[in-house]
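Source file final_2.cif; content: mmCIF, C-alpha atoms and all ligand atoms.
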```cif
data_coords
#
loop_
_atom_site.group_PDB
_atom_site.id
_atom_site.type_symbol
_atom_site.label_atom_id
_atom_site.label_comp_id
_atom_site.auth_asym_id
_atom_site.auth_seq_id
_atom_site.Cartn_x
_atom_site.Cartn_y
_atom_site.Cartn_z
ATOM 1 C CA MET A 1 24.762 6.793 -2.405
ATOM 2 C CA ASN A 2 21.881 5.365 -4.384
ATOM 3 C CA LEU A 3 18.453 4.487 -3.111
ATOM 4 C CA THR A 4 18.189 1.527 -5.403
ATOM 5 C CA ALA A 5 21.526 0.020 -4.470
ATOM 6 C CA SER A 6 19.603 -2.688 -2.623
ATOM 7 C CA LEU A 7 17.160 -3.329 -5.488
ATOM 8 C CA SER A 8 17.840 -5.736 -8.323
ATOM 9 C CA SER A 9 16.159 -3.252 -10.707
ATOM 10 C CA PRO A 10 15.034 0.376 -10.257
ATOM 11 C CA GLN A 11 12.334 -0.160 -12.905
ATOM 12 C CA LEU A 12 9.299 -2.145 -11.825
ATOM 13 C CA ARG A 13 7.308 -3.613 -14.720
ATOM 14 C CA CYS A 14 3.595 -3.119 -13.949
ATOM 15 C CA GLY A 15 1.780 -4.703 -16.879
ATOM 16 C CA VAL A 16 2.209 -2.310 -19.820
ATOM 17 C CA ARG A 17 3.727 0.424 -17.631
ATOM 18 C CA LEU A 18 7.120 0.872 -16.022
ATOM 19 C CA LEU A 19 7.388 2.367 -12.553
ATOM 20 C CA ASP A 20 10.664 4.114 -11.739
ATOM 21 C CA LEU A 21 11.712 3.291 -8.191
ATOM 22 C CA SER A 22 15.070 5.072 -8.353
ATOM 23 C CA THR A 23 13.317 7.757 -6.263
ATOM 24 C CA PRO A 24 10.405 7.184 -3.861
ATOM 25 C CA GLN A 25 6.905 7.214 -5.367
ATOM 26 C CA VAL A 26 3.520 8.235 -3.986
ATOM 27 C CA MET A 27 0.514 5.914 -4.258
ATOM 28 C CA ALA A 28 -2.905 7.563 -3.866
ATOM 29 C CA ILE A 29 -5.538 5.694 -1.869
ATOM 30 C CA ILE A 30 -8.889 5.430 -3.636
ATOM 31 C CA ASN A 31 -11.388 3.522 -1.505
ATOM 32 C CA VAL A 32 -14.547 2.560 -3.350
ATOM 33 C CA THR A 33 -16.199 1.338 -0.163
ATOM 34 C CA PRO A 34 -19.012 2.746 1.953
ATOM 35 C CA ASP A 35 -17.002 2.264 5.168
ATOM 36 C CA SER A 36 -13.264 3.056 4.997
ATOM 37 C CA PHE A 37 -11.719 4.558 8.108
ATOM 38 C CA SER A 38 -10.988 8.127 7.099
ATOM 39 C CA ASP A 39 -12.625 8.598 3.710
ATOM 40 C CA GLY A 40 -15.454 6.081 3.836
ATOM 41 C CA GLY A 41 -18.269 6.632 1.401
ATOM 42 C CA GLN A 42 -16.557 9.453 -0.492
ATOM 43 C CA PHE A 43 -16.748 7.464 -3.711
ATOM 44 C CA HIS A 44 -19.599 5.143 -2.788
ATOM 45 C CA ALA A 45 -23.283 5.947 -2.212
ATOM 46 C CA GLY A 46 -25.457 2.924 -2.910
ATOM 47 C CA GLY A 47 -22.903 2.112 -5.637
ATOM 48 C CA VAL A 48 -19.570 3.426 -6.891
ATOM 49 C CA LEU A 49 -19.568 7.107 -7.951
ATOM 50 C CA LEU A 50 -17.465 6.613 -11.076
ATOM 51 C CA GLU A 51 -17.320 10.234 -12.258
ATOM 52 C CA LYS A 52 -16.192 11.341 -8.814
ATOM 53 C CA VAL A 53 -13.503 8.662 -8.728
ATOM 54 C CA LEU A 54 -12.188 9.757 -12.128
ATOM 55 C CA ARG A 55 -12.023 13.404 -11.046
ATOM 56 C CA ARG A 56 -10.028 12.335 -7.975
ATOM 57 C CA VAL A 57 -7.666 10.213 -10.094
ATOM 58 C CA GLU A 58 -7.038 13.182 -12.375
ATOM 59 C CA GLU A 59 -6.332 15.364 -9.344
ATOM 60 C CA VAL A 60 -3.869 12.967 -7.678
ATOM 61 C CA CYS A 61 -2.037 12.378 -10.962
ATOM 62 C CA GLU A 62 -1.615 16.144 -11.381
ATOM 63 C CA GLN A 63 -0.380 16.315 -7.787
ATOM 64 C CA GLY A 64 2.370 13.813 -8.516
ATOM 65 C CA ALA A 65 1.027 10.388 -7.550
ATOM 66 C CA THR A 66 2.376 7.737 -9.918
ATOM 67 C CA LEU A 67 0.145 4.938 -8.640
ATOM 68 C CA VAL A 68 -3.461 4.703 -7.509
ATOM 69 C CA ASP A 69 -4.573 1.934 -5.140
ATOM 70 C CA ILE A 70 -8.169 0.856 -5.720
ATOM 71 C CA GLY A 71 -9.824 -0.930 -2.802
ATOM 72 C CA GLY A 72 -13.311 -2.403 -2.608
ATOM 73 C CA GLU A 73 -12.981 -4.058 0.784
ATOM 74 C CA SER A 74 -12.268 -2.035 3.914
ATOM 75 C CA THR A 75 -9.468 -3.622 5.949
ATOM 76 C CA ARG A 76 -9.335 -1.047 8.742
ATOM 77 C CA PRO A 77 -9.534 -2.486 12.283
ATOM 78 C CA GLY A 78 -13.031 -3.831 12.957
ATOM 79 C CA ALA A 79 -14.076 -3.962 9.289
ATOM 80 C CA LEU A 80 -16.262 -6.862 8.183
ATOM 81 C CA PRO A 81 -15.654 -8.943 5.048
ATOM 82 C CA VAL A 82 -17.452 -8.188 1.788
ATOM 83 C CA SER A 83 -18.600 -10.768 -0.791
ATOM 84 C CA VAL A 84 -16.335 -11.350 -3.785
ATOM 85 C CA GLN A 85 -19.257 -10.414 -6.050
ATOM 86 C CA GLU A 86 -19.732 -7.055 -4.302
ATOM 87 C CA GLU A 87 -15.991 -6.383 -4.250
ATOM 88 C CA GLY A 88 -15.686 -7.067 -7.987
ATOM 89 C CA ASP A 89 -18.715 -4.885 -8.731
ATOM 90 C CA ARG A 90 -17.056 -2.011 -6.893
ATOM 91 C CA VAL A 91 -13.490 -2.359 -8.170
ATOM 92 C CA LEU A 92 -13.569 -3.691 -11.730
ATOM 93 C CA PRO A 93 -15.514 -0.886 -13.490
ATOM 94 C CA VAL A 94 -13.205 1.609 -11.771
ATOM 95 C CA VAL A 95 -10.065 -0.201 -12.941
ATOM 96 C CA ALA A 96 -11.393 -0.345 -16.514
ATOM 97 C CA ALA A 97 -12.324 3.347 -16.571
ATOM 98 C CA ILE A 98 -8.985 4.512 -15.113
ATOM 99 C CA ALA A 99 -6.969 2.288 -17.473
ATOM 100 C CA GLU A 100 -8.789 3.780 -20.456
ATOM 101 C CA ARG A 101 -8.193 7.390 -19.462
ATOM 102 C CA PHE A 102 -5.006 7.739 -17.398
ATOM 103 C CA ASP A 103 -1.331 6.951 -17.681
ATOM 104 C CA THR A 104 -0.904 5.756 -14.092
ATOM 105 C CA VAL A 105 -0.120 2.440 -12.476
ATOM 106 C CA ILE A 106 -3.334 0.937 -11.112
ATOM 107 C CA SER A 107 -2.875 -1.167 -8.000
ATOM 108 C CA VAL A 108 -5.783 -3.322 -6.831
ATOM 109 C CA ASP A 109 -6.114 -3.752 -3.071
ATOM 110 C CA THR A 110 -7.626 -7.230 -3.025
ATOM 111 C CA SER A 111 -7.253 -10.730 -1.609
ATOM 112 C CA SER A 112 -9.719 -12.319 -4.046
ATOM 113 C CA PRO A 113 -8.294 -14.454 -6.874
ATOM 114 C CA SER A 114 -11.111 -13.609 -9.302
ATOM 115 C CA VAL A 115 -10.719 -9.853 -8.728
ATOM 116 C CA MET A 116 -6.948 -10.169 -9.332
ATOM 117 C CA VAL A 117 -7.428 -11.993 -12.618
ATOM 118 C CA GLU A 118 -10.188 -9.750 -13.954
ATOM 119 C CA ALA A 119 -8.481 -6.532 -12.858
ATOM 120 C CA ALA A 120 -5.276 -7.602 -14.630
ATOM 121 C CA VAL A 121 -7.215 -8.165 -17.860
ATOM 122 C CA LEU A 122 -8.794 -4.693 -17.533
ATOM 123 C CA GLY A 123 -5.431 -2.948 -17.182
ATOM 124 C CA ALA A 124 -4.356 -3.121 -13.538
ATOM 125 C CA GLY A 125 -0.594 -2.940 -13.011
ATOM 126 C CA MET A 126 -0.076 -4.264 -9.488
ATOM 127 C CA ILE A 127 -1.719 -6.534 -6.920
ATOM 128 C CA ASN A 128 -1.739 -5.238 -3.350
ATOM 129 C CA ASP A 129 -2.840 -8.050 -1.052
ATOM 130 C CA VAL A 130 -3.010 -7.381 2.696
ATOM 131 C CA ARG A 131 -3.304 -11.178 3.094
ATOM 132 C CA ALA A 132 -0.112 -11.820 1.085
ATOM 133 C CA LEU A 133 -1.778 -14.265 -1.368
ATOM 134 C CA SER A 134 -2.903 -16.612 1.417
ATOM 135 C CA ARG A 135 -6.498 -17.083 0.204
ATOM 136 C CA LEU A 136 -7.259 -20.310 -1.640
ATOM 137 C CA GLY A 137 -6.295 -19.801 -5.289
ATOM 138 C CA ALA A 138 -4.790 -16.344 -4.778
ATOM 139 C CA MET A 139 -1.151 -17.373 -5.270
ATOM 140 C CA SER A 140 -1.734 -19.079 -8.619
ATOM 141 C CA ALA A 141 -4.137 -16.354 -9.805
ATOM 142 C CA ALA A 142 -1.640 -13.611 -8.988
ATOM 143 C CA ALA A 143 1.252 -15.504 -10.587
ATOM 144 C CA ALA A 144 -0.808 -16.078 -13.754
ATOM 145 C CA SER A 145 -1.657 -12.354 -13.978
ATOM 146 C CA GLY A 146 1.990 -11.538 -14.664
ATOM 147 C CA LEU A 147 1.721 -8.485 -12.376
ATOM 148 C CA PRO A 148 3.958 -7.598 -9.446
ATOM 149 C CA VAL A 149 2.531 -8.210 -5.986
ATOM 150 C CA CYS A 150 2.856 -6.386 -2.684
ATOM 151 C CA LEU A 151 3.057 -8.910 0.159
ATOM 152 C CA MET A 152 1.832 -7.415 3.444
ATOM 153 C CA HIS A 153 1.978 -8.793 6.969
ATOM 154 C CA MET A 154 -1.236 -8.989 8.967
ATOM 155 C CA LYS A 155 -1.860 -10.928 12.179
ATOM 156 C CA GLY A 156 -5.420 -12.251 12.167
ATOM 157 C CA GLU A 157 -8.276 -10.681 10.224
ATOM 158 C CA PRO A 158 -9.470 -7.037 10.224
ATOM 159 C CA ASP A 159 -12.584 -7.712 12.345
ATOM 160 C CA SER A 160 -10.491 -8.955 15.289
ATOM 161 C CA MET A 161 -6.796 -8.169 14.640
ATOM 162 C CA GLN A 162 -6.556 -5.364 17.219
ATOM 163 C CA ARG A 163 -7.677 -7.577 20.135
ATOM 164 C CA GLN A 164 -4.458 -7.769 22.175
ATOM 165 C CA PRO A 165 -1.928 -8.655 19.479
ATOM 166 C CA GLU A 166 1.153 -10.333 20.988
ATOM 167 C CA TYR A 167 4.574 -11.120 19.551
ATOM 168 C CA GLU A 168 7.725 -12.617 20.994
ATOM 169 C CA SER A 169 9.753 -10.454 18.608
ATOM 170 C CA ILE A 170 7.742 -8.315 16.212
ATOM 171 C CA PHE A 171 10.566 -7.770 13.699
ATOM 172 C CA ASP A 172 11.508 -11.464 13.598
ATOM 173 C CA GLU A 173 7.912 -12.590 13.213
ATOM 174 C CA VAL A 174 7.061 -10.099 10.461
ATOM 175 C CA SER A 175 10.307 -10.603 8.524
ATOM 176 C CA ASN A 176 10.066 -14.417 8.812
ATOM 177 C CA PHE A 177 6.491 -14.267 7.569
ATOM 178 C CA LEU A 178 7.480 -12.117 4.592
ATOM 179 C CA GLN A 179 10.432 -14.402 3.827
ATOM 180 C CA GLU A 180 8.084 -17.386 3.828
ATOM 181 C CA ARG A 181 5.654 -15.627 1.458
ATOM 182 C CA ILE A 182 8.556 -14.638 -0.836
ATOM 183 C CA SER A 183 9.549 -18.316 -1.041
ATOM 184 C CA ALA A 184 5.953 -19.303 -1.805
ATOM 185 C CA CYS A 185 5.815 -16.688 -4.598
ATOM 186 C CA LEU A 186 9.083 -17.857 -6.132
ATOM 187 C CA ALA A 187 7.842 -21.456 -6.015
ATOM 188 C CA ALA A 188 4.610 -20.369 -7.749
ATOM 189 C CA GLY A 189 6.520 -18.797 -10.641
ATOM 190 C CA PHE A 190 6.979 -15.156 -9.631
ATOM 191 C CA SER A 191 10.359 -13.695 -10.421
ATOM 192 C CA LYS A 192 12.315 -11.836 -7.771
ATOM 193 C CA ASP A 193 11.707 -8.461 -9.410
ATOM 194 C CA GLN A 194 7.900 -8.840 -9.165
ATOM 195 C CA ILE A 195 7.771 -8.787 -5.366
ATOM 196 C CA LEU A 196 7.293 -5.836 -2.990
ATOM 197 C CA LEU A 197 7.127 -5.995 0.789
ATOM 198 C CA ASP A 198 5.031 -4.197 3.416
ATOM 199 C CA PRO A 199 5.270 -4.744 7.202
ATOM 200 C CA GLY A 200 1.561 -3.865 7.519
ATOM 201 C CA PHE A 201 1.261 -0.933 9.889
ATOM 202 C CA GLY A 202 -1.856 -1.180 12.066
ATOM 203 C CA PHE A 203 -2.664 -4.756 11.091
ATOM 204 C CA GLY A 204 -2.672 -6.731 14.364
ATOM 205 C CA LYS A 205 -0.094 -4.539 16.090
ATOM 206 C CA THR A 206 0.014 -2.298 19.159
ATOM 207 C CA THR A 207 1.423 1.225 18.928
ATOM 208 C CA ALA A 208 4.727 -0.042 20.353
ATOM 209 C CA HIS A 209 4.847 -2.811 17.723
ATOM 210 C CA ASN A 210 4.122 -0.321 14.932
ATOM 211 C CA PHE A 211 6.878 2.040 16.006
ATOM 212 C CA GLU A 212 9.385 -0.758 16.428
ATOM 213 C CA LEU A 213 8.610 -1.873 12.868
ATOM 214 C CA PHE A 214 8.994 1.703 11.635
ATOM 215 C CA ARG A 215 12.388 1.973 13.343
ATOM 216 C CA ARG A 216 13.404 -1.274 11.618
ATOM 217 C CA LEU A 217 12.398 -0.165 8.091
ATOM 218 C CA PRO A 218 16.071 -0.082 7.025
ATOM 219 C CA ASP A 219 16.294 -3.764 7.975
ATOM 220 C CA PHE A 220 13.215 -4.553 5.868
ATOM 221 C CA ALA A 221 14.745 -2.585 2.978
ATOM 222 C CA ALA A 222 17.890 -4.707 3.338
ATOM 223 C CA MET A 223 15.824 -7.787 2.408
ATOM 224 C CA GLY A 224 16.358 -6.564 -1.175
ATOM 225 C CA PHE A 225 12.792 -5.868 -2.335
ATOM 226 C CA PRO A 226 11.009 -2.539 -2.846
ATOM 227 C CA LEU A 227 9.178 -1.468 0.317
ATOM 228 C CA LEU A 228 5.632 -0.122 0.267
ATOM 229 C CA VAL A 229 4.190 1.341 3.469
ATOM 230 C CA GLY A 230 0.914 2.837 4.609
ATOM 231 C CA VAL A 231 0.765 4.905 7.776
ATOM 232 C CA SER A 232 -1.443 7.719 6.418
ATOM 233 C CA ARG A 233 -3.955 8.900 9.066
ATOM 234 C CA LYS A 234 -3.649 5.630 10.997
ATOM 235 C CA SER A 235 -4.365 5.224 14.716
ATOM 236 C CA MET A 236 -0.633 4.788 15.505
ATOM 237 C CA LEU A 237 -0.351 8.517 14.674
ATOM 238 C CA GLY A 238 -3.378 9.337 16.812
ATOM 239 C CA ALA A 239 -1.838 7.391 19.694
ATOM 240 C CA ILE A 240 1.212 9.680 19.716
ATOM 241 C CA THR A 241 -0.328 13.043 18.782
ATOM 242 C CA GLY A 242 -3.699 12.656 20.483
ATOM 243 C CA ARG A 243 -5.382 13.792 17.287
ATOM 244 C CA ALA A 244 -8.570 12.501 15.658
ATOM 245 C CA VAL A 245 -8.343 10.906 12.221
ATOM 246 C CA GLU A 246 -9.270 14.084 10.299
ATOM 247 C CA GLU A 247 -6.508 16.005 12.135
ATOM 248 C CA ARG A 248 -3.582 13.734 11.226
ATOM 249 C CA LEU A 249 -2.284 15.437 8.073
ATOM 250 C CA ALA A 250 0.901 16.846 9.626
ATOM 251 C CA ALA A 251 1.640 13.584 11.422
ATOM 252 C CA SER A 252 1.130 11.603 8.212
ATOM 253 C CA VAL A 253 3.418 13.857 6.182
ATOM 254 C CA VAL A 254 6.196 13.787 8.797
ATOM 255 C CA MET A 255 6.036 9.996 8.899
ATOM 256 C CA ALA A 256 6.190 9.846 5.103
ATOM 257 C CA ALA A 257 9.432 11.846 5.134
ATOM 258 C CA MET A 258 10.882 9.625 7.853
ATOM 259 C CA ALA A 259 9.869 6.527 5.904
ATOM 260 C CA VAL A 260 11.779 7.781 2.855
ATOM 261 C CA GLU A 261 14.797 8.417 5.050
ATOM 262 C CA ARG A 262 14.546 4.775 6.176
ATOM 263 C CA GLY A 263 14.556 3.343 2.648
ATOM 264 C CA VAL A 264 10.869 3.102 1.646
ATOM 265 C CA HIS A 265 10.105 3.140 -2.095
ATOM 266 C CA ILE A 266 6.317 3.589 -2.246
ATOM 267 C CA LEU A 267 4.114 5.556 0.172
ATOM 268 C CA ARG A 268 0.403 4.696 0.262
ATOM 269 C CA VAL A 269 -1.329 7.939 1.270
ATOM 270 C CA HIS A 270 -4.550 9.942 1.343
ATOM 271 C CA ASP A 271 -2.947 13.400 1.135
ATOM 272 C CA VAL A 272 -1.008 13.307 -2.110
ATOM 273 C CA LYS A 273 -0.084 16.962 -2.629
ATOM 274 C CA GLU A 274 1.467 17.388 0.814
ATOM 275 C CA THR A 275 3.193 14.000 0.727
ATOM 276 C CA VAL A 276 4.764 14.710 -2.663
ATOM 277 C CA ASP A 277 6.410 17.833 -1.176
ATOM 278 C CA ALA A 278 7.661 15.834 1.812
ATOM 279 C CA VAL A 279 9.052 13.117 -0.453
ATOM 280 C CA LYS A 280 10.854 15.698 -2.612
ATOM 281 C CA LEU A 281 12.493 17.193 0.473
ATOM 282 C CA ALA A 282 13.408 13.865 2.030
ATOM 283 C CA THR A 283 14.836 12.777 -1.318
ATOM 284 C CA ALA A 284 16.877 15.987 -1.670
ATOM 285 C CA VAL A 285 18.354 15.427 1.785
ATOM 286 C CA LYS A 286 19.049 11.773 1.159
ATOM 287 C CA PHE A 287 20.511 11.810 -2.338
ATOM 288 C CA GLU A 288 23.070 14.077 -3.884
ATOM 289 C CA LYS A 289 21.107 14.468 -7.107
ATOM 290 C CA SER A 290 17.679 15.920 -6.312
ATOM 291 C CA ASN A 291 14.747 16.937 -8.512
ATOM 292 C CA ASN A 292 15.902 20.484 -9.131
ATOM 293 C CA GLY A 293 19.477 19.725 -9.987
HETATM 294 C C1 LIG B 1 -1.264 -0.827 4.097
HETATM 295 C C2 LIG B 1 -2.685 -0.801 3.901
HETATM 296 C C3 LIG B 1 -3.187 -1.426 2.719
HETATM 297 N N1 LIG B 1 -3.560 -0.238 4.785
HETATM 298 C C4 LIG B 1 -1.005 -1.993 2.087
HETATM 299 N N2 LIG B 1 -2.324 -2.007 1.825
HETATM 300 C C5 LIG B 1 -4.881 -0.276 4.547
HETATM 301 N N3 LIG B 1 -0.145 -2.582 1.209
HETATM 302 C C6 LIG B 1 -5.360 -0.892 3.385
HETATM 303 C C7 LIG B 1 -5.527 2.217 11.856
HETATM 304 O O1 LIG B 1 -4.801 1.718 12.725
HETATM 305 O O2 LIG B 1 -0.707 -0.293 5.167
HETATM 306 N N4 LIG B 1 -0.478 -1.412 3.201
HETATM 307 N N5 LIG B 1 -4.528 -1.450 2.494
HETATM 308 C C8 LIG B 1 -5.832 0.341 5.551
HETATM 309 N N6 LIG B 1 -5.829 -0.390 6.791
HETATM 310 C C9 LIG B 1 -5.827 0.227 8.046
HETATM 311 C C10 LIG B 1 -5.152 -0.390 9.112
HETATM 312 C C11 LIG B 1 -6.407 1.463 8.227
HETATM 313 C C12 LIG B 1 -5.068 0.249 10.342
HETATM 314 C C13 LIG B 1 -6.350 2.111 9.454
HETATM 315 C C14 LIG B 1 -5.660 1.512 10.530
HETATM 316 O O3 LIG B 1 -6.122 3.293 11.996
#
```
As structure tokens, the full file:
Amino acid sequence: MNLTASLSSPQLRCGVRLLDLSTPQVMAIINVTPDSFSDGGQFHAGGVLLEKVLRRVEEVCEQGATLVDIGGESTRPGALPVSVQEEGDRVLPVVAAIAERFDTVISVDTSSPSVMVEAAVLGAGMINDVRALSRLGAMSAAAASGLPVCLMHMKGEPDSMQRQPEYESIFDEVSNFLQERISACLAAGFSKDQILLDPGFGFGKTTAHNFELFRRLPDFAAMGFPLLVGVSRKSMLGAITGRAVEERLAASVVMAAMAVERGVHILRVHDVKETVDAVKLATAVKFEKSNNG
């Protein structure tokens, strides 16, 4: 039994770094926005708090995160768009500073072609686009960067996506969408081993939709690309547990373990230390050869 049996390669080339996906990896969320849903403003007060960001990056790397995801645009439900200028001003100095100091894969959470291109030059290792390279110019910019891309499914835009989302079949619609974006990437010059997939939990989906997608994670994994998922602290966990966003640690960690069991390769999380433990345990259960021999 091997986790990567379904992957063409267990090593993902992320610019100058290699990411080993033969066991599941933890990606730390670093939002450099004033308004993100559970950690808004932590690293932003009238401008990005660079020293604070770097201390957090050091901490999550020590805790076992192998990627950091830098976002300058909140995409939580209800969030409003930000200008490309503002987004670049938030994200790019952070990417440059992390690349200079840390041996970690830097993912940029962006839909803007110019941010993709400039971040790649500054040392980013992955593009994470919740709009799956649908913005004008994003596909060619991402392809030219040479970096791998995470294609995520979203129905609508953050400001309105949670207004009564409807699907005939959620799995079919999401998987068909991802298949279509994979084809577009291949046509634009991406190779197969530069593509990751994400069903997009909480992006234009009801709680029932989100849980059906979670149940079907093994079917997404069977599409043959590494899976990245983010459920950390999201409202789908609040809907089941009745807990407010700052009380969702246990729920988030349990879901991380269940995601690993269902074939996920990268977990995008706020609570790195706890998630790393959960991933180690889920990995030990799942695979004969675990971390401690
Ligand atoms: C995600 C993700 C992301 N989520 C990827 N990138 C966010 N690849 C930002 C809620 O329901 O899952 N995958 N970038 C954050 N977005 C949300 C969405 C935050 C929904 C909260 C909710 O609470």
Kindly compile the residues surrounding ligand LIG 1 (chain B) within 7 Å, counting all atoms listed in the file, and format them as a ChimeraX atom specification. /A:37,75-77,109,128-130,150,152,198,200-203,228-231,233-236,268
Could you save the residues just selected, with C-alpha atoms, as a JSON list (two decimals), in the frame of the given file?
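Contents of part_28.json, freshly written:
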```json
[["chain", "number", "residue", "atom", "x", "y", "z"],
["A", 37, "PHE", "CA", -11.72, 4.56, 8.11],
["A", 75, "THR", "CA", -9.47, -3.62, 5.95],
["A", 76, "ARG", "CA", -9.34, -1.05, 8.74],
["A", 77, "PRO", "CA", -9.53, -2.49, 12.28],
["A", 109, "ASP", "CA", -6.11, -3.75, -3.07],
["A", 128, "ASN", "CA", -1.74, -5.24, -3.35],
["A", 129, "ASP", "CA", -2.84, -8.05, -1.05],
["A", 130, "VAL", "CA", -3.01, -7.38, 2.70],
["A", 150, "CYS", "CA", 2.86, -6.39, -2.68],
["A", 152, "MET", "CA", 1.83, -7.42, 3.44],
["A", 198, "ASP", "CA", 5.03, -4.20, 3.42],
["A", 200, "GLY", "CA", 1.56, -3.86, 7.52],
["A", 201, "PHE", "CA", 1.26, -0.93, 9.89],
["A", 202, "GLY", "CA", -1.86, -1.18, 12.07],
["A", 203, "PHE", "CA", -2.66, -4.76, 11.09],
["A", 228, "LEU", "CA", 5.63, -0.12, 0.27],
["A", 229, "VAL", "CA", 4.19, 1.34, 3.47],
["A", 230, "GLY", "CA", 0.91, 2.84, 4.61],
["A", 231, "VAL", "CA", 0.76, 4.90, 7.78],
["A", 233, "ARG", "CA", -3.96, 8.90, 9.07],
["A", 234, "LYS", "CA", -3.65, 5.63, 11.00],
["A", 235, "SER", "CA", -4.36, 5.22, 14.72],
["A", 236, "MET", "CA", -0.63, 4.79, 15.50],
["A", 268, "ARG", "CA", 0.40, 4.70, 0.26]]
```
Since I can't run it myself right now, could you work out what the PyMOL selection byres (((chain A and resi 39) around 12) and not hetatm) selects here and report it as a PDB file with C-alpha atoms, keeping the file's coordinate frame?
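Output file expr-v5.pdb is given in full below:
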```
ATOM      1  CA  ILE A  29      -5.538   5.694  -1.869  1.00  0.00           C
ATOM      2  CA  ILE A  30      -8.889   5.430  -3.636  1.00  0.00           C
ATOM      3  CA  ASN A  31     -11.388   3.522  -1.505  1.00  0.00           C
ATOM      4  CA  VAL A  32     -14.547   2.560  -3.350  1.00  0.00           C
ATOM      5  CA  THR A  33     -16.199   1.338  -0.163  1.00  0.00           C
ATOM      6  CA  PRO A  34     -19.012   2.746   1.953  1.00  0.00           C
ATOM      7  CA  ASP A  35     -17.002   2.264   5.168  1.00  0.00           C
ATOM      8  CA  SER A  36     -13.264   3.056   4.997  1.00  0.00           C
ATOM      9  CA  PHE A  37     -11.719   4.558   8.108  1.00  0.00           C
ATOM     10  CA  SER A  38     -10.988   8.127   7.099  1.00  0.00           C
ATOM     11  CA  GLY A  40     -15.454   6.081   3.836  1.00  0.00           C
ATOM     12  CA  GLY A  41     -18.269   6.632   1.401  1.00  0.00           C
ATOM     13  CA  GLN A  42     -16.557   9.453  -0.492  1.00  0.00           C
ATOM     14  CA  PHE A  43     -16.748   7.464  -3.711  1.00  0.00           C
ATOM     15  CA  HIS A  44     -19.599   5.143  -2.788  1.00  0.00           C
ATOM     16  CA  GLY A  71      -9.824  -0.930  -2.802  1.00  0.00           C
ATOM     17  CA  SER A  74     -12.268  -2.035   3.914  1.00  0.00           C
ATOM     18  CA  ARG A  76      -9.335  -1.047   8.742  1.00  0.00           C
ATOM     19  CA  SER A 232      -1.443   7.719   6.418  1.00  0.00           C
ATOM     20  CA  ARG A 233      -3.955   8.900   9.066  1.00  0.00           C
ATOM     21  CA  LYS A 234      -3.649   5.630  10.997  1.00  0.00           C
ATOM     22  CA  VAL A 245      -8.343  10.906  12.221  1.00  0.00           C
ATOM     23  CA  GLU A 246      -9.270  14.084  10.299  1.00  0.00           C
ATOM     24  CA  VAL A 269      -1.329   7.939   1.270  1.00  0.00           C
ATOM     25  CA  HIS A 270      -4.550   9.942   1.343  1.00  0.00           C
ATOM     26  CA  ASP A 271      -2.947  13.400   1.135  1.00  0.00           C
TER      27      ASP A 271
END
```
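If you look at CA of Met258 in chain A and CA of Ala282 in chain A, they are 7.6 Å away from each other.
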Which polymer residues have any atom within 12 Å of an atom of Ile70 in chain A, counting all atoms listed in the file, with same-chain residues fewer than 2 positions away left out, as an NGL selection string? :A and (27-33 or 43 or 48 or 53-54 or 56-57 or 67-68 or 72-74 or 87-88 or 90-99 or 105-110 or 115-116 or 119 or 124-129 or 268)
Given all atoms listed in the file as the counted atoms, nearest of A:Gly156, A:Val272, A:Ser111, A:Thr104 to Ser83 in chain A: A:Ser111
Using the chain letters and numbers from the file, give me the residues hit by the PyMOL selection byres (((chain A and resi 211-227) around 10) and not hetatm), as an NGL selection string. :A and (4-10 or 12 or 21 or 24 or 150-152 or 169-171 or 174-175 or 178-179 or 182 or 192-201 or 205-210 or 228-229 or 231 or 236-237 or 255 or 258-267)
Point-to-point distance in Å for CA of Cys14 in chain A and CA of Asn176 in chain A: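 If I compute the distance from CA of Asn176 in chain A to CA of Cys14 in chain A, I get 26.2 Å.
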So which residues get picked by the PyMOL selection byres (((chain A and resi 277) around 12) and not hetatm) here, written as a list in words?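 That selection, the PyMOL selection byres (((chain A and resi 277) around 12) and not hetatm), comes back as Pro24, Gln25, Val26, Gln63, Gly64, Ala65, Val253, Val254, Ala256, Ala257, Asp271, Val272, Lys273, Glu274, Thr275, Val276, Ala278, Val279, Lys280, Leu281, Ala282, Thr283, Ala284 and Asn291 of chain A.
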With only C-alpha atoms as the basis for distance, which of A:Val60, A:Pro148, A:Asp69, A:Ala188 is at the shortest distance from Arg13 in chain A? A:Pro148
Report, in Å to a single decimal, how far apart CA of Asp20 in chain A and CA of Asp103 in chain A are. 13.7 Å
Counting all atoms listed in the file, figure out which residue out of A:Leu147, A:Cys61, A:Ala239, A:Leu50 gets nearest to Phe102 in chain A.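 When distances to Phe102 in chain A are compared using all atoms listed in the file, the smallest one comes from A:Cys61.
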Using the file's own x, y and z axes, so that the box edges lie along x, y and z, what centre and edge lengths in Å (one decimal) does a box around every listed atom of range 139-150 of chain A get when 8 Å is added on each side? Give it as JSON.
```
{"center_x": -0.1, "center_y": -12.7, "center_z": -8.7, "size_x": 24.1, "size_y": 28.7, "size_z": 28.0}
```
Which one of A:Ser112, A:Gln162, A:Ser252, A:Ser22 sits closest to Pro81 in chain A if you count all atoms listed in the file? A:Ser112
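Of the residues under consideration (A:Pro165, A:Phe287, A:Asp159, A:Arg243), A:Asp159 shows the shortest atom-to-atom contact distance to Gly78 in chain A when counting all atoms listed in the file.
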When distances are computed from only C-alpha atoms, which of A:Glu118, A:Glu288, A:Glu180, A:Glu168 shows the smallest separation from His153 in chain A?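 That would be A:Glu180, the residue with the smallest distance to His153 in chain A.
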